[in-house]
$ cat data07.pdb   # PDB, C-alpha atoms
ATOM      1  CA  MET A  30     -14.137  68.639 -29.976  1.00  0.00           C
ATOM      2  CA  GLU A  31     -14.493  64.954 -30.702  1.00  0.00           C
ATOM      3  CA  ILE A  32     -15.003  64.210 -34.375  1.00  0.00           C
ATOM      4  CA  PRO A  33     -17.348  61.271 -34.867  1.00  0.00           C
ATOM      5  CA  ILE A  34     -15.742  58.582 -37.013  1.00  0.00           C
ATOM      6  CA  LYS A  35     -18.043  56.680 -39.258  1.00  0.00           C
ATOM      7  CA  GLY A  36     -18.730  53.177 -38.079  1.00  0.00           C
ATOM      8  CA  VAL A  37     -17.079  53.648 -34.696  1.00  0.00           C
ATOM      9  CA  ASN A  38     -19.325  53.635 -31.706  1.00  0.00           C
ATOM     10  CA  THR A  39     -18.348  56.503 -29.466  1.00  0.00           C
ATOM     11  CA  GLU A  40     -21.087  55.775 -26.950  1.00  0.00           C
ATOM     12  CA  PRO A  41     -19.710  54.867 -23.524  1.00  0.00           C
ATOM     13  CA  GLN A  42     -19.219  51.082 -23.423  1.00  0.00           C
ATOM     14  CA  PRO A  43     -20.508  48.970 -20.577  1.00  0.00           C
ATOM     15  CA  GLN A  44     -17.835  47.996 -18.093  1.00  0.00           C
ATOM     16  CA  ALA A  45     -16.180  44.750 -19.228  1.00  0.00           C
ATOM     17  CA  LEU A  46     -16.282  41.820 -16.822  1.00  0.00           C
ATOM     18  CA  VAL A  47     -12.534  41.546 -16.912  1.00  0.00           C
ATOM     19  CA  ASP A  48      -9.953  44.096 -17.824  1.00  0.00           C
ATOM     20  CA  LEU A  49      -7.946  42.538 -20.649  1.00  0.00           C
ATOM     21  CA  ARG A  50      -5.173  45.054 -20.141  1.00  0.00           C
ATOM     22  CA  GLU A  51      -4.660  43.773 -16.618  1.00  0.00           C
ATOM     23  CA  PRO A  52      -1.177  42.222 -16.924  1.00  0.00           C
ATOM     24  CA  ARG A  53      -2.076  39.212 -14.816  1.00  0.00           C
ATOM     25  CA  PHE A  54      -5.021  38.352 -17.056  1.00  0.00           C
ATOM     26  CA  PHE A  55      -3.742  37.532 -20.500  1.00  0.00           C
ATOM     27  CA  ILE A  56      -1.023  34.903 -20.624  1.00  0.00           C
ATOM     28  CA  ALA A  57      -0.121  33.700 -24.110  1.00  0.00           C
ATOM     29  CA  GLY A  58       0.332  29.982 -23.504  1.00  0.00           C
ATOM     30  CA  GLY A  59       2.381  28.263 -20.834  1.00  0.00           C
ATOM     31  CA  THR A  60       1.475  27.749 -17.230  1.00  0.00           C
ATOM     32  CA  LEU A  61      -0.732  30.212 -15.452  1.00  0.00           C
ATOM     33  CA  ALA A  62       0.529  31.549 -12.168  1.00  0.00           C
ATOM     34  CA  ALA A  63      -1.563  30.529  -9.184  1.00  0.00           C
ATOM     35  CA  ASP A  64      -2.810  34.087  -8.825  1.00  0.00           C
ATOM     36  CA  ALA A  65      -3.435  34.721 -12.540  1.00  0.00           C
ATOM     37  CA  ALA A  66      -6.623  36.685 -12.983  1.00  0.00           C
ATOM     38  CA  SER A  67      -7.653  34.383 -15.832  1.00  0.00           C
ATOM     39  CA  TYR A  68      -7.407  31.188 -13.787  1.00  0.00           C
ATOM     40  CA  LEU A  69     -10.746  29.413 -13.781  1.00  0.00           C
ATOM     41  CA  ARG A  70     -11.349  27.203 -10.810  1.00  0.00           C
ATOM     42  CA  ARG A  71     -13.119  23.944 -11.510  1.00  0.00           C
ATOM     43  CA  GLY A  72     -14.348  20.914  -9.651  1.00  0.00           C
ATOM     44  CA  ALA A  73     -11.081  19.047 -10.128  1.00  0.00           C
ATOM     45  CA  ASP A  74      -9.170  21.747  -8.204  1.00  0.00           C
ATOM     46  CA  ASP A  75     -11.161  21.070  -5.085  1.00  0.00           C
ATOM     47  CA  LEU A  76     -11.141  17.305  -5.560  1.00  0.00           C
ATOM     48  CA  LEU A  77      -7.359  17.283  -5.880  1.00  0.00           C
ATOM     49  CA  LEU A  78      -6.790  19.562  -2.917  1.00  0.00           C
ATOM     50  CA  ARG A  79      -9.132  17.527  -0.736  1.00  0.00           C
ATOM     51  CA  THR A  80      -7.559  14.242  -1.846  1.00  0.00           C
ATOM     52  CA  LEU A  81      -4.027  15.393  -1.039  1.00  0.00           C
ATOM     53  CA  LEU A  82      -4.949  17.013   2.261  1.00  0.00           C
ATOM     54  CA  GLU A  83      -6.454  13.682   3.279  1.00  0.00           C
ATOM     55  CA  GLY A  84      -3.128  12.092   2.430  1.00  0.00           C
ATOM     56  CA  GLN A  85      -4.492  10.032  -0.427  1.00  0.00           C
ATOM     57  CA  TYR A  86      -2.407   9.332  -3.493  1.00  0.00           C
ATOM     58  CA  ALA A  87      -3.697  10.950  -6.657  1.00  0.00           C
ATOM     59  CA  HIS A  88      -3.074  10.876 -10.329  1.00  0.00           C
ATOM     60  CA  VAL A  89      -4.281  13.695 -12.463  1.00  0.00           C
ATOM     61  CA  LEU A  90      -5.192  12.797 -16.016  1.00  0.00           C
ATOM     62  CA  ILE A  91      -4.707  15.599 -18.445  1.00  0.00           C
ATOM     63  CA  ARG A  92      -5.868  15.620 -22.008  1.00  0.00           C
ATOM     64  CA  GLY A  93      -3.358  16.743 -24.558  1.00  0.00           C
ATOM     65  CA  ARG A  94       0.075  18.240 -24.201  1.00  0.00           C
ATOM     66  CA  ARG A  95       1.206  20.853 -21.795  1.00  0.00           C
ATOM     67  CA  GLU A  96       1.173  23.670 -24.344  1.00  0.00           C
ATOM     68  CA  ASN A  97      -2.577  23.545 -24.653  1.00  0.00           C
ATOM     69  CA  ARG A  98      -3.267  22.569 -21.127  1.00  0.00           C
ATOM     70  CA  PRO A  99      -5.423  25.073 -19.346  1.00  0.00           C
ATOM     71  CA  TRP A 100      -4.436  24.010 -15.890  1.00  0.00           C
ATOM     72  CA  SER A 101      -1.684  24.096 -13.335  1.00  0.00           C
ATOM     73  CA  PRO A 102      -3.025  21.857 -10.568  1.00  0.00           C
ATOM     74  CA  GLU A 103       0.180  21.579  -8.573  1.00  0.00           C
ATOM     75  CA  ARG A 104       0.511  25.333  -8.442  1.00  0.00           C
ATOM     76  CA  ARG A 105      -3.022  25.724  -7.242  1.00  0.00           C
ATOM     77  CA  SER A 106      -2.647  23.099  -4.561  1.00  0.00           C
ATOM     78  CA  ASN A 107       0.582  24.705  -3.461  1.00  0.00           C
ATOM     79  CA  SER A 108      -0.983  28.070  -3.095  1.00  0.00           C
ATOM     80  CA  ASN A 109      -3.451  26.454  -0.753  1.00  0.00           C
ATOM     81  CA  ARG A 110      -0.932  24.637   1.328  1.00  0.00           C
ATOM     82  CA  GLN A 111      -0.863  25.099   5.025  1.00  0.00           C
ATOM     83  CA  ALA A 112       2.194  26.183   6.937  1.00  0.00           C
TER      84      ALA A 112
ATOM     85  CA  MET B  21       2.523  20.605   4.687  1.00  0.00           C
ATOM     86  CA  LYS B  22       5.606  20.498   2.497  1.00  0.00           C
ATOM     87  CA  THR B  23       5.675  19.949  -1.225  1.00  0.00           C
ATOM     88  CA  VAL B  24       8.208  18.625  -3.683  1.00  0.00           C
ATOM     89  CA  LYS B  25       7.593  19.360  -7.348  1.00  0.00           C
ATOM     90  CA  ILE B  26       9.390  17.377  -9.982  1.00  0.00           C
ATOM     91  CA  ASP B  27       8.812  18.046 -13.648  1.00  0.00           C
ATOM     92  CA  LEU B  28      10.120  14.969 -15.433  1.00  0.00           C
ATOM     93  CA  GLN B  29      10.559  16.882 -18.646  1.00  0.00           C
ATOM     94  CA  SER B  30      12.995  19.222 -16.937  1.00  0.00           C
ATOM     95  CA  VAL B  31      14.969  16.269 -15.596  1.00  0.00           C
ATOM     96  CA  GLY B  32      15.788  15.463 -19.217  1.00  0.00           C
ATOM     97  CA  SER B  33      16.301  12.253 -21.155  1.00  0.00           C
ATOM     98  CA  ASN B  34      19.949  12.281 -22.236  1.00  0.00           C
ATOM     99  CA  LEU B  35      21.176  10.659 -19.064  1.00  0.00           C
ATOM    100  CA  SER B  36      21.871   7.375 -17.338  1.00  0.00           C
ATOM    101  CA  VAL B  37      19.620   5.643 -14.806  1.00  0.00           C
ATOM    102  CA  ASP B  38      22.027   6.807 -12.134  1.00  0.00           C
ATOM    103  CA  GLN B  39      21.829  10.415 -13.219  1.00  0.00           C
ATOM    104  CA  TRP B  40      18.059  10.289 -13.486  1.00  0.00           C
ATOM    105  CA  TYR B  41      17.569   9.108  -9.925  1.00  0.00           C
ATOM    106  CA  ALA B  42      20.280  11.492  -8.738  1.00  0.00           C
ATOM    107  CA  SER B  43      18.228  14.310 -10.286  1.00  0.00           C
ATOM    108  CA  LEU B  44      15.200  13.159  -8.311  1.00  0.00           C
ATOM    109  CA  VAL B  45      17.276  13.059  -5.138  1.00  0.00           C
ATOM    110  CA  ARG B  46      18.541  16.556  -5.808  1.00  0.00           C
ATOM    111  CA  GLN B  47      14.998  17.847  -6.294  1.00  0.00           C
ATOM    112  CA  PHE B  48      13.867  16.253  -3.041  1.00  0.00           C
ATOM    113  CA  GLY B  49      16.922  17.552  -1.225  1.00  0.00           C
ATOM    114  CA  ARG B  50      16.750  21.089  -2.551  1.00  0.00           C
ATOM    115  CA  GLN B  51      13.066  21.541  -2.042  1.00  0.00           C
ATOM    116  CA  LEU B  52      13.130  20.182   1.489  1.00  0.00           C
ATOM    117  CA  GLY B  53      16.432  21.805   2.489  1.00  0.00           C
ATOM    118  CA  LEU B  54      18.112  18.401   2.861  1.00  0.00           C
ATOM    119  CA  GLU B  55      20.402  18.394  -0.151  1.00  0.00           C
ATOM    120  CA  ARG B  56      23.659  17.663   1.691  1.00  0.00           C
ATOM    121  CA  GLU B  57      22.155  14.878   3.811  1.00  0.00           C
ATOM    122  CA  SER B  58      20.421  13.383   0.780  1.00  0.00           C
ATOM    123  CA  PHE B  59      23.619  13.130  -1.204  1.00  0.00           C
ATOM    124  CA  GLU B  60      25.529  11.745   1.775  1.00  0.00           C
ATOM    125  CA  CYS B  61      22.984   8.950   1.894  1.00  0.00           C
ATOM    126  CA  TRP B  62      23.143   8.577  -1.883  1.00  0.00           C
ATOM    127  CA  GLY B  63      26.924   8.184  -1.710  1.00  0.00           C
ATOM    128  CA  GLU B  64      26.863   5.745   1.204  1.00  0.00           C
ATOM    129  CA  ASN B  65      24.581   3.371  -0.635  1.00  0.00           C
ATOM    130  CA  TYR B  66      26.574   3.233  -3.820  1.00  0.00           C
ATOM    131  CA  GLN B  67      26.708  -0.555  -3.777  1.00  0.00           C
ATOM    132  CA  ILE B  68      22.962  -0.788  -4.463  1.00  0.00           C
ATOM    133  CA  GLY B  69      21.089   0.229  -7.598  1.00  0.00           C
ATOM    134  CA  PRO B  70      19.988   3.809  -8.273  1.00  0.00           C
ATOM    135  CA  PHE B  71      16.343   3.060  -7.625  1.00  0.00           C
ATOM    136  CA  GLY B  72      17.145   1.500  -4.248  1.00  0.00           C
ATOM    137  CA  ARG B  73      19.313   4.489  -3.415  1.00  0.00           C
ATOM    138  CA  TRP B  74      16.479   6.881  -4.177  1.00  0.00           C
ATOM    139  CA  LEU B  75      14.167   4.917  -1.890  1.00  0.00           C
ATOM    140  CA  SER B  76      16.859   4.907   0.807  1.00  0.00           C
ATOM    141  CA  VAL B  77      17.067   8.694   0.627  1.00  0.00           C
ATOM    142  CA  ILE B  78      13.309   8.914   1.175  1.00  0.00           C
ATOM    143  CA  GLU B  79      13.400   6.413   4.009  1.00  0.00           C
ATOM    144  CA  GLN B  80      16.608   7.434   5.768  1.00  0.00           C
ATOM    145  CA  VAL B  81      16.803  11.172   5.109  1.00  0.00           C
ATOM    146  CA  VAL B  82      13.556  12.712   3.930  1.00  0.00           C
ATOM    147  CA  LEU B  83      11.133  11.101   6.378  1.00  0.00           C
ATOM    148  CA  PRO B  84      13.301  11.144   9.546  1.00  0.00           C
ATOM    149  CA  ASN B  85      14.201  14.814   9.011  1.00  0.00           C
ATOM    150  CA  THR B  86      10.673  16.114   8.528  1.00  0.00           C
ATOM    151  CA  SER B  87       7.562  16.060  10.637  1.00  0.00           C
ATOM    152  CA  ALA B  88       5.014  17.694   8.323  1.00  0.00           C
ATOM    153  CA  PRO B  89       3.115  15.779   5.645  1.00  0.00           C
ATOM    154  CA  ILE B  90       4.947  15.838   2.312  1.00  0.00           C
ATOM    155  CA  VAL B  91       3.191  15.838  -1.045  1.00  0.00           C
ATOM    156  CA  VAL B  92       5.355  14.927  -4.016  1.00  0.00           C
ATOM    157  CA  PHE B  93       4.078  16.136  -7.382  1.00  0.00           C
ATOM    158  CA  ILE B  94       5.465  14.270 -10.372  1.00  0.00           C
ATOM    159  CA  ASP B  95       4.518  16.318 -13.389  1.00  0.00           C
ATOM    160  CA  GLU B  96       4.834  15.434 -17.104  1.00  0.00           C
ATOM    161  CA  VAL B  97       4.912  11.798 -16.131  1.00  0.00           C
ATOM    162  CA  ASP B  98       4.430  10.683 -19.754  1.00  0.00           C
ATOM    163  CA  PHE B  99       7.971  11.855 -20.321  1.00  0.00           C
ATOM    164  CA  VAL B 100       9.276   8.531 -18.961  1.00  0.00           C
ATOM    165  CA  ARG B 101       8.517   7.174 -22.433  1.00  0.00           C
ATOM    166  CA  SER B 102      11.397   9.267 -23.782  1.00  0.00           C
ATOM    167  CA  LEU B 103      13.909   7.730 -21.411  1.00  0.00           C
ATOM    168  CA  PRO B 104      16.409   5.163 -22.715  1.00  0.00           C
ATOM    169  CA  PHE B 105      15.759   2.874 -19.731  1.00  0.00           C
ATOM    170  CA  SER B 106      12.729   1.334 -18.044  1.00  0.00           C
ATOM    171  CA  THR B 107      11.074   3.287 -15.252  1.00  0.00           C
ATOM    172  CA  ASP B 108       8.793   0.455 -14.205  1.00  0.00           C
ATOM    173  CA  GLU B 109      10.571   0.216 -10.870  1.00  0.00           C
ATOM    174  CA  PHE B 110      10.014   3.925 -10.291  1.00  0.00           C
ATOM    175  CA  PHE B 111       6.244   3.409 -10.393  1.00  0.00           C
ATOM    176  CA  ALA B 112       6.611   0.225  -8.402  1.00  0.00           C
ATOM    177  CA  GLY B 113       8.550   2.294  -5.872  1.00  0.00           C
ATOM    178  CA  ILE B 114       5.752   4.815  -5.516  1.00  0.00           C
ATOM    179  CA  ARG B 115       3.420   1.909  -5.005  1.00  0.00           C
ATOM    180  CA  GLU B 116       5.866   0.491  -2.460  1.00  0.00           C
ATOM    181  CA  CYS B 117       5.797   3.777  -0.527  1.00  0.00           C
ATOM    182  CA  PHE B 118       2.032   3.437  -0.382  1.00  0.00           C
ATOM    183  CA  ASN B 119       2.214  -0.165   0.830  1.00  0.00           C
ATOM    184  CA  ARG B 120       4.714   0.809   3.517  1.00  0.00           C
ATOM    185  CA  ARG B 121       2.047   2.916   5.179  1.00  0.00           C
ATOM    186  CA  ALA B 122       0.598  -0.272   6.622  1.00  0.00           C
ATOM    187  CA  GLY B 123       3.511  -0.943   8.943  1.00  0.00           C
ATOM    188  CA  ASP B 124       5.772   2.063   8.743  1.00  0.00           C
ATOM    189  CA  GLU B 125       4.191   5.144  10.277  1.00  0.00           C
ATOM    190  CA  PRO B 126       6.382   7.846   8.634  1.00  0.00           C
ATOM    191  CA  PHE B 127       5.183   6.729   5.212  1.00  0.00           C
ATOM    192  CA  THR B 128       1.671   7.843   6.101  1.00  0.00           C
ATOM    193  CA  ARG B 129       3.008  11.415   5.863  1.00  0.00           C
ATOM    194  CA  LEU B 130       4.232  10.888   2.319  1.00  0.00           C
ATOM    195  CA  THR B 131       1.768  11.337  -0.530  1.00  0.00           C
ATOM    196  CA  PHE B 132       2.419  11.175  -4.249  1.00  0.00           C
ATOM    197  CA  CYS B 133       0.495  13.040  -6.906  1.00  0.00           C
ATOM    198  CA  ILE B 134       1.208  12.013 -10.477  1.00  0.00           C
ATOM    199  CA  ILE B 135       0.244  14.379 -13.257  1.00  0.00           C
ATOM    200  CA  GLY B 136       0.186  13.566 -16.946  1.00  0.00           C
ATOM    201  CA  SER B 137      -1.870  12.522 -19.913  1.00  0.00           C
ATOM    202  CA  ALA B 138      -1.395   8.805 -19.267  1.00  0.00           C
ATOM    203  CA  THR B 139      -2.272   6.803 -16.187  1.00  0.00           C
ATOM    204  CA  PRO B 140       0.640   5.263 -14.282  1.00  0.00           C
ATOM    205  CA  SER B 141      -0.650   1.833 -15.325  1.00  0.00           C
ATOM    206  CA  GLN B 142      -0.277   2.822 -18.972  1.00  0.00           C
ATOM    207  CA  LEU B 143       3.309   3.850 -18.351  1.00  0.00           C
ATOM    208  CA  VAL B 144       4.341   0.568 -16.785  1.00  0.00           C
ATOM    209  CA  GLN B 145       5.576  -1.891 -19.427  1.00  0.00           C
ATOM    210  CA  ASN B 146       6.126  -4.992 -17.347  1.00  0.00           C
ATOM    211  CA  VAL B 147       2.821  -6.785 -16.805  1.00  0.00           C
ATOM    212  CA  ALA B 148       4.279  -8.581 -13.766  1.00  0.00           C
ATOM    213  CA  ILE B 149       4.310  -5.293 -11.846  1.00  0.00           C
ATOM    214  CA  THR B 150       1.333  -4.772  -9.582  1.00  0.00           C
ATOM    215  CA  PRO B 151      -1.271  -2.574 -11.222  1.00  0.00           C
ATOM    216  CA  PHE B 152      -1.046   0.974 -10.016  1.00  0.00           C
ATOM    217  CA  ASN B 153      -4.434   1.302  -8.438  1.00  0.00           C
ATOM    218  CA  VAL B 154      -3.691   3.059  -5.190  1.00  0.00           C
ATOM    219  CA  GLY B 155      -4.619   6.614  -6.065  1.00  0.00           C
ATOM    220  CA  ILE B 156      -7.691   8.702  -6.550  1.00  0.00           C
ATOM    221  CA  GLU B 157      -8.070   9.559 -10.205  1.00  0.00           C
ATOM    222  CA  VAL B 158      -8.673  13.231 -10.867  1.00  0.00           C
ATOM    223  CA  LYS B 159      -9.795  13.606 -14.461  1.00  0.00           C
ATOM    224  CA  LEU B 160      -9.392  16.942 -16.064  1.00  0.00           C
ATOM    225  CA  THR B 161     -12.445  17.298 -18.192  1.00  0.00           C
ATOM    226  CA  ASP B 162     -13.661  20.294 -20.123  1.00  0.00           C
ATOM    227  CA  PHE B 163     -15.085  23.124 -18.138  1.00  0.00           C
ATOM    228  CA  ALA B 164     -18.669  22.614 -17.109  1.00  0.00           C
ATOM    229  CA  ARG B 165     -21.091  25.425 -17.811  1.00  0.00           C
ATOM    230  CA  SER B 166     -21.442  26.046 -14.098  1.00  0.00           C
ATOM    231  CA  GLU B 167     -17.683  26.471 -13.721  1.00  0.00           C
ATOM    232  CA  LEU B 168     -17.463  29.356 -16.183  1.00  0.00           C
TER     233      LEU B 168
END
$ encode --input "data07.pdb" --output "structure tokens"
Amino acid sequence: MEIPIKGVNTEPQPQALVDLREPRFFIAGGTLAADAASYLRRGADDLLLRTLLEGQYAHVLIRGRRENRPWSPERRSNSNRQA
Amino acid sequence: MKTVKIDLQSVGSNLSVDQWYASLVRQFGRQLGLERESFECWGENYQIGPFGRWLSVIEQVVLPNTSAPIVVFIDEVDFVRSLPFSTDEFFAGIRECFNRRAGDEPFTRLTFCIIGSATPSQLVQNVAITPFNVGIEVKLTDFARSEL
């Protein structure tokens, strides 16, 4: 029998949006893999991909140093490359 | 489409101009499967400067031996500030590759993408060098509400 512990909610919890135990989700710093579950796509991803597919030169301006950079644009674009 | 990824930080800074460009040539060669040919070309042009040799490898080896578009990613571009020599000609060279598109068809297949927290213009010291204004600027701003 389950013993209720004071202050701990034993009610079933609603399903979380993301499973934090999923190994591809939580990456403690560094570059996210292209298929990381925690990768958030943003407008710049599409702009960069479109620009390069059109053969236009691009420079990507990133704020701050790599350690706190939430982005890996070249990996993303690579994962989209055509054969 | 083929890609070449060069992280300037991983190229290092305790090296000579020669070694720096040789590292770029090696990255191009390895990633495109043209390492032997690239270094043959590198060796044959030893009478010219390292920057010229790097351009020769692109012109005489990389472009003639490929048919797909090539995108070259230069990451951590701010790292050129840590180098003991000027890299102005490197940026001028990228610009040159762009200008060559006008009369040299293979160069239309070659595209550069520069990634860093400074614009290429900010990394060029010599004011006599043409402003680097050939690319589309992709600014990495904070996430918009709609992107979350």
$ resolve_selection --input "data07.pdb" --expression "the ChimeraX specification (/B :<6) & /A" --output "short mmCIF file (atom, residue, chain, number, x, y, z; two decimals) with C-alpha atoms, in the coordinates of the input"
data_model
loop_
_atom_site.label_atom_id
_atom_site.label_comp_id
_atom_site.auth_asym_id
_atom_site.auth_seq_id
_atom_site.Cartn_x
_atom_site.Cartn_y
_atom_site.Cartn_z
CA ARG A 71 -13.12 23.94 -11.51
CA GLY A 84 -3.13 12.09 2.43
CA TYR A 86 -2.41 9.33 -3.49
CA ALA A 87 -3.70 10.95 -6.66
CA HIS A 88 -3.07 10.88 -10.33
CA VAL A 89 -4.28 13.70 -12.46
CA LEU A 90 -5.19 12.80 -16.02
CA ILE A 91 -4.71 15.60 -18.44
CA ARG A 92 -5.87 15.62 -22.01
CA GLN A 111 -0.86 25.10 5.03
#
$ residues_around --input "data07.pdb" --residues "B:Phe110" --least-positions-apart "4" --cutoff "10 Å" --atoms "all atoms listed in the file" --output "ChimeraX atom specification"
/B:41,71-72,74-75,100,106,114-116,144
$ residues_near_point --input "data07.pdb" --point "(26.4, 7.6, -0.9)" --cutoff "12 Å" --atoms "all atoms listed in the file" --output "list in words"
Ala42, Val45, Arg56, Glu57, Ser58, Phe59, Glu60, Cys61, Trp62, Gly63, Glu64, Asn65, Tyr66, Gln67, Ile68, Gly69, Pro70, Gly72, Arg73, Trp74, Ser76, Val77, Gln80 and Val81 of chain B
$ resolve_selection --input "data07.pdb" --expression "the PyMOL selection byres ((chain A and resi 67) around 7)" --output "CSV table (one decimal) with C-alpha atoms, in the frame of the given file"
chain,number,residue,atom,x,y,z
A,54,PHE,CA,-5.0,38.4,-17.1
A,55,PHE,CA,-3.7,37.5,-20.5
A,65,ALA,CA,-3.4,34.7,-12.5
A,66,ALA,CA,-6.6,36.7,-13.0
A,68,TYR,CA,-7.4,31.2,-13.8
A,69,LEU,CA,-10.7,29.4,-13.8
$ atom_distance --input "data07.pdb" --atom1 "atom CA of A:Arg79" --atom2 "atom CA of B:Gln47"
24.8 Å
$ atom_distance --input "data07.pdb" --atom1 "atom CA of B:Arg101" --atom2 "atom CA of A:Ala73"
26.0 Å
$ atom_distance --input "data07.pdb" --atom1 "atom CA of B:Gln29" --atom2 "atom CA of B:Ser102"
9.2 Å
$ axis_aligned_box --input "data07.pdb" --around "stretch 66-73 of chain A" --padding-each-side "3 Å" --output "lines of an AutoDock Vina configuration file"
center_x = -10.5
center_y = 27.9
center_z = -12.7
size_x = 13.7
size_y = 23.6
size_z = 12.2
$ residues_around --input "data07.pdb" --residues "B:Leu35" --least-positions-apart "4" --cutoff "12 Å" --atoms "only C-alpha atoms" --output "PDB file with C-alpha atoms, in the frame of the given file"
ATOM      1  CA  VAL B  31      14.969  16.269 -15.596  1.00  0.00           C
ATOM      2  CA  GLN B  39      21.829  10.415 -13.219  1.00  0.00           C
ATOM      3  CA  TRP B  40      18.059  10.289 -13.486  1.00  0.00           C
ATOM      4  CA  TYR B  41      17.569   9.108  -9.925  1.00  0.00           C
ATOM      5  CA  ALA B  42      20.280  11.492  -8.738  1.00  0.00           C
ATOM      6  CA  SER B  43      18.228  14.310 -10.286  1.00  0.00           C
ATOM      7  CA  SER B 102      11.397   9.267 -23.782  1.00  0.00           C
ATOM      8  CA  LEU B 103      13.909   7.730 -21.411  1.00  0.00           C
ATOM      9  CA  PRO B 104      16.409   5.163 -22.715  1.00  0.00           C
ATOM     10  CA  PHE B 105      15.759   2.874 -19.731  1.00  0.00           C
TER      11      PHE B 105
END
